[in-house]
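Asker: Submitted below is the structure of interest, expressed as structure tokens.
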Amino acid sequence: MQEFAPPLTFSTLVTALRSAGCVFAEDEAELLLSAAADPAGLASLLERRVSGLPLEHVLGWAEFCGLRIAVDPGVFVPRRRTEFLVQQAAALAPGRAVVVDLCCGSGALGRALASSLREVELHAADVEPAAVRCARRNVGGLGTVYEGDLFEPLPPSLRGRVDVLLANVPYVPTDDVELLPAEARVHEPRVALDGGGDGLDVMRRVVAEAADWLAPGGSLLVETSERQAARARETVGSTGLAARVVVSEELYATVVVGTRPR
Ligand SMILES: C[S@@+](CC[C@H](N)C(=O)[O-])C[C@H]1O[C@@H](n2cnc3c(N)ncnc32)[C@H](O)[C@@H]1O
């Protein structure tokens, strides 16, 4: 690992970050400066960042929907584009909503949606123990986080009662995982990225059970890519949910919404 001797100036930070390929070097330098407790701590943060660790793992948090979400090493970093899924969910949620955040990772989606609703019963789940620990910190007293495969750890009493089912599942096709930037490929767990041959394997498993868990009028929201959108919509629609695709050009985000008829 490249070493830096303290004290470091702002311009040294920017130069080092830029040489390491950080596009927003000035912004990152400000964040590292504000996160460091002392000059030695700053050097250590910089060393970790230029070694290729995602900025959010270096800082220990990511900004998501205006919130600071804790992100531990080995936990998927919530992406800004996924804020669009949360916005769509907020528009669909009733005044008192039962929300499930499946494949919750850090718990960012459920936490952000719960923070925007008046009354919420929030349940979140993930298969990765590190993600579950992280989500428990982020969700805090706003809900309950379970560990296990998709719906399996959820209380059976939720069946037929879920108003909003958030599912930002892994959706990168297996062959494309190797093409991801190193920050994702090396520092995020494969189970958080790899969606199988066409990227839709986990989504298909969610969709197969979603209608059983949704309340009448309740909606499933899954993020996908522009390329996968038509097939993802077809999959969601195949189980009797009314499926539509919504797109944000600004956030470069594509979401499939499937609503259970009343
Ligand atoms: C793309 S990440 C999304 C995390 C979070 N929803 C977000 O947007 O920040 C996918 C998450 O799905 C979890 N996951 C993958 N397969 C799973 C399964 N079969 N059951 C539960 N969680 C799973 C991974 O551990 C990972 O945290």
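Residue numbers start at 1 in each chain; chains themselves are named A, B, ... in the order of the structure tokens; ligands are numbered from 1 in the order shown.
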Please provide the set of residues having any atom within 9 Å of segment 73-90 of chain A, restricted to only C-alpha atoms, with same-chain residues fewer than 3 positions apart removed, written as JSON, numbers by chain.
Answerer: {"A": [54, 56, 57, 58, 60, 61, 62, 63, 64, 65, 69, 93, 94, 105, 106, 107, 108, 109, 110, 112, 113, 114, 116, 117, 128, 130, 131, 134, 164, 165, 166, 168, 184, 187, 188, 189, 192, 193, 219, 220, 221, 222, 223, 246, 247, 248, 250, 251, 252, 253, 254, 255, 256, 257]}
Asker: Please produce a file of those selected residues containing N, CA and C atoms, as a compact mmCIF listing (two decimals), in the first residue's frame.
Answerer:
```
# COMPACT_ATOMS: atom_id res chain seq x y z
N PRO A 54 -13.56 1.59 -1.84
CA PRO A 54 -14.59 2.59 -2.15
C PRO A 54 -14.59 3.70 -1.08
N GLU A 56 -16.91 5.19 0.34
CA GLU A 56 -17.89 4.96 1.41
C GLU A 56 -17.36 3.98 2.45
N HIS A 57 -16.56 3.00 2.01
CA HIS A 57 -15.98 2.06 2.97
C HIS A 57 -14.87 2.74 3.77
N VAL A 58 -14.18 3.69 3.15
CA VAL A 58 -13.14 4.43 3.88
C VAL A 58 -13.79 5.33 4.94
N GLY A 60 -16.91 5.04 6.06
CA GLY A 60 -17.82 4.29 6.94
C GLY A 60 -19.27 4.68 6.75
N TRP A 61 -19.54 5.52 5.77
CA TRP A 61 -20.93 5.90 5.51
C TRP A 61 -21.11 6.33 4.05
N ALA A 62 -22.38 6.28 3.62
CA ALA A 62 -22.74 6.76 2.28
C ALA A 62 -23.92 7.71 2.44
N GLU A 63 -23.98 8.71 1.57
CA GLU A 63 -25.16 9.57 1.59
C GLU A 63 -26.23 8.93 0.72
N PHE A 64 -27.44 8.82 1.26
CA PHE A 64 -28.53 8.20 0.51
C PHE A 64 -29.83 8.87 0.94
N CYS A 65 -30.55 9.44 -0.03
CA CYS A 65 -31.79 10.17 0.25
C CYS A 65 -31.60 11.19 1.36
N ILE A 69 -25.88 6.87 5.79
CA ILE A 69 -26.11 5.44 6.01
C ILE A 69 -24.77 4.77 6.30
N ALA A 93 -46.90 4.44 -1.26
CA ALA A 93 -47.18 3.93 0.09
C ALA A 93 -48.41 4.59 0.69
N PRO A 94 -49.27 3.80 1.34
CA PRO A 94 -50.41 4.40 2.04
C PRO A 94 -49.96 5.11 3.31
N GLY A 105 -29.13 -5.28 2.12
CA GLY A 105 -27.77 -4.74 2.22
C GLY A 105 -27.62 -3.92 3.49
N SER A 106 -27.19 -2.67 3.34
CA SER A 106 -27.00 -1.79 4.50
C SER A 106 -28.33 -1.37 5.14
N GLY A 107 -29.44 -1.67 4.47
CA GLY A 107 -30.75 -1.26 4.98
C GLY A 107 -31.14 0.13 4.54
N ALA A 108 -30.38 0.67 3.58
CA ALA A 108 -30.58 2.07 3.17
C ALA A 108 -31.99 2.35 2.65
N LEU A 109 -32.53 1.43 1.84
CA LEU A 109 -33.81 1.71 1.19
C LEU A 109 -34.95 1.76 2.22
N GLY A 110 -34.98 0.73 3.05
CA GLY A 110 -36.04 0.68 4.07
C GLY A 110 -35.93 1.84 5.03
N ALA A 112 -34.59 4.80 4.47
CA ALA A 112 -34.95 6.06 3.82
C ALA A 112 -36.46 6.14 3.62
N LEU A 113 -37.07 5.03 3.21
CA LEU A 113 -38.52 5.08 3.00
C LEU A 113 -39.23 5.30 4.33
N ALA A 114 -38.80 4.58 5.36
CA ALA A 114 -39.44 4.73 6.68
C ALA A 114 -39.33 6.17 7.17
N SER A 116 -39.43 8.75 5.45
CA SER A 116 -40.28 9.68 4.68
C SER A 116 -41.77 9.43 4.90
N LEU A 117 -42.11 8.38 5.67
CA LEU A 117 -43.53 8.05 5.86
C LEU A 117 -43.98 8.41 7.28
N GLU A 128 -26.61 -12.07 3.90
CA GLU A 128 -25.21 -11.87 4.33
C GLU A 128 -25.17 -11.36 5.77
N ALA A 130 -22.86 -9.84 7.42
CA ALA A 130 -22.28 -8.49 7.56
C ALA A 130 -23.31 -7.42 7.19
N ALA A 131 -24.10 -7.70 6.15
CA ALA A 131 -25.14 -6.76 5.74
C ALA A 131 -26.21 -6.65 6.84
N CYS A 134 -25.03 -4.49 9.66
CA CYS A 134 -25.00 -3.09 9.24
C CYS A 134 -26.42 -2.52 9.16
N VAL A 164 -45.68 -2.25 0.54
CA VAL A 164 -44.55 -1.90 -0.34
C VAL A 164 -43.45 -2.93 -0.14
N LEU A 165 -43.10 -3.60 -1.23
CA LEU A 165 -42.03 -4.61 -1.20
C LEU A 165 -40.87 -4.07 -2.02
N LEU A 166 -39.82 -3.61 -1.32
CA LEU A 166 -38.63 -3.08 -1.98
C LEU A 166 -37.69 -4.25 -2.22
N ASN A 168 -34.13 -4.39 -4.14
CA ASN A 168 -32.99 -4.09 -5.02
C ASN A 168 -32.05 -5.29 -4.95
N ALA A 184 -16.31 -2.19 -7.05
CA ALA A 184 -17.41 -3.13 -6.82
C ALA A 184 -16.90 -4.56 -6.85
N HIS A 187 -14.37 -5.15 -3.79
CA HIS A 187 -14.70 -4.78 -2.42
C HIS A 187 -16.16 -5.03 -2.04
N GLU A 188 -16.99 -5.43 -2.99
CA GLU A 188 -18.37 -5.77 -2.63
C GLU A 188 -18.54 -7.27 -2.85
N PRO A 189 -19.34 -7.93 -1.98
CA PRO A 189 -19.43 -9.38 -2.11
C PRO A 189 -20.13 -9.79 -3.41
N ALA A 192 -23.80 -9.92 -3.73
CA ALA A 192 -24.52 -8.65 -3.84
C ALA A 192 -24.62 -8.17 -5.29
N LEU A 193 -23.85 -8.80 -6.18
CA LEU A 193 -23.75 -8.30 -7.56
C LEU A 193 -24.31 -9.27 -8.58
N SER A 219 -47.49 -3.00 -3.78
CA SER A 219 -46.58 -3.00 -4.93
C SER A 219 -45.19 -3.53 -4.60
N LEU A 220 -44.67 -4.26 -5.59
CA LEU A 220 -43.26 -4.69 -5.58
C LEU A 220 -42.48 -3.70 -6.44
N LEU A 221 -41.30 -3.28 -5.95
CA LEU A 221 -40.45 -2.39 -6.76
C LEU A 221 -39.07 -3.01 -6.87
N VAL A 222 -38.62 -3.25 -8.11
CA VAL A 222 -37.28 -3.80 -8.34
C VAL A 222 -36.51 -2.90 -9.30
N GLU A 223 -35.23 -2.71 -8.97
CA GLU A 223 -34.38 -1.93 -9.88
C GLU A 223 -33.82 -2.88 -10.93
N VAL A 246 -40.69 2.37 -14.86
CA VAL A 246 -40.52 3.81 -14.70
C VAL A 246 -39.02 4.12 -14.77
N VAL A 247 -38.73 5.28 -15.36
CA VAL A 247 -37.33 5.60 -15.66
C VAL A 247 -37.01 7.02 -15.19
N SER A 248 -35.84 7.19 -14.61
CA SER A 248 -35.32 8.53 -14.33
C SER A 248 -34.09 8.75 -15.20
N GLU A 250 -32.43 11.47 -15.15
CA GLU A 250 -31.48 12.22 -14.33
C GLU A 250 -30.59 11.29 -13.50
N LEU A 251 -31.22 10.27 -12.89
CA LEU A 251 -30.44 9.36 -12.04
C LEU A 251 -29.96 8.12 -12.79
N TYR A 252 -30.33 8.04 -14.07
CA TYR A 252 -29.99 6.88 -14.89
C TYR A 252 -30.49 5.61 -14.19
N ALA A 253 -31.77 5.66 -13.82
CA ALA A 253 -32.34 4.56 -13.04
C ALA A 253 -33.57 3.99 -13.72
N THR A 254 -33.71 2.67 -13.65
CA THR A 254 -34.87 1.99 -14.22
C THR A 254 -35.46 1.09 -13.13
N VAL A 255 -36.77 1.23 -12.94
CA VAL A 255 -37.44 0.46 -11.88
C VAL A 255 -38.68 -0.21 -12.48
N VAL A 256 -38.88 -1.49 -12.13
CA VAL A 256 -40.12 -2.16 -12.52
C VAL A 256 -41.02 -2.20 -11.29
N VAL A 257 -42.26 -1.74 -11.48
CA VAL A 257 -43.25 -1.74 -10.40
C VAL A 257 -44.30 -2.79 -10.76
```
Asker: Would you mind listing what lies within 12 Å of segment 34-38 of chain A as a PyMOL selection string, with only C-alpha atoms counted and same-chain residues fewer than 5 positions away left out?
Answerer: chain A and resi 6-8+10+27-29+43-46+55-56+58-61
Asker: Neighbouring residues of Leu241 of chain A were defined as those with any atom within 12 Å, considering only C-alpha atoms; residues of the same chain fewer than 2 positions away were excluded. Please report them as an MDAnalysis selection string.
Answerer: chainID A and resid 207:212 214:221 233:239 243:244 256:262
Asker: Fewer than 2 positions away in the same chain doesn't count, so skip those; otherwise give me all residues within 8 Å of Pro173 of chain A, counting only C-alpha atoms, as a list in words.
Answerer: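 After dropping sequence-adjacent residues, the list is Tyr171, Asp175, Asp176, Val177, Asp194, Gly195, Gly196, Gly197, Asp198, Gly199 and Leu200 of chain A.
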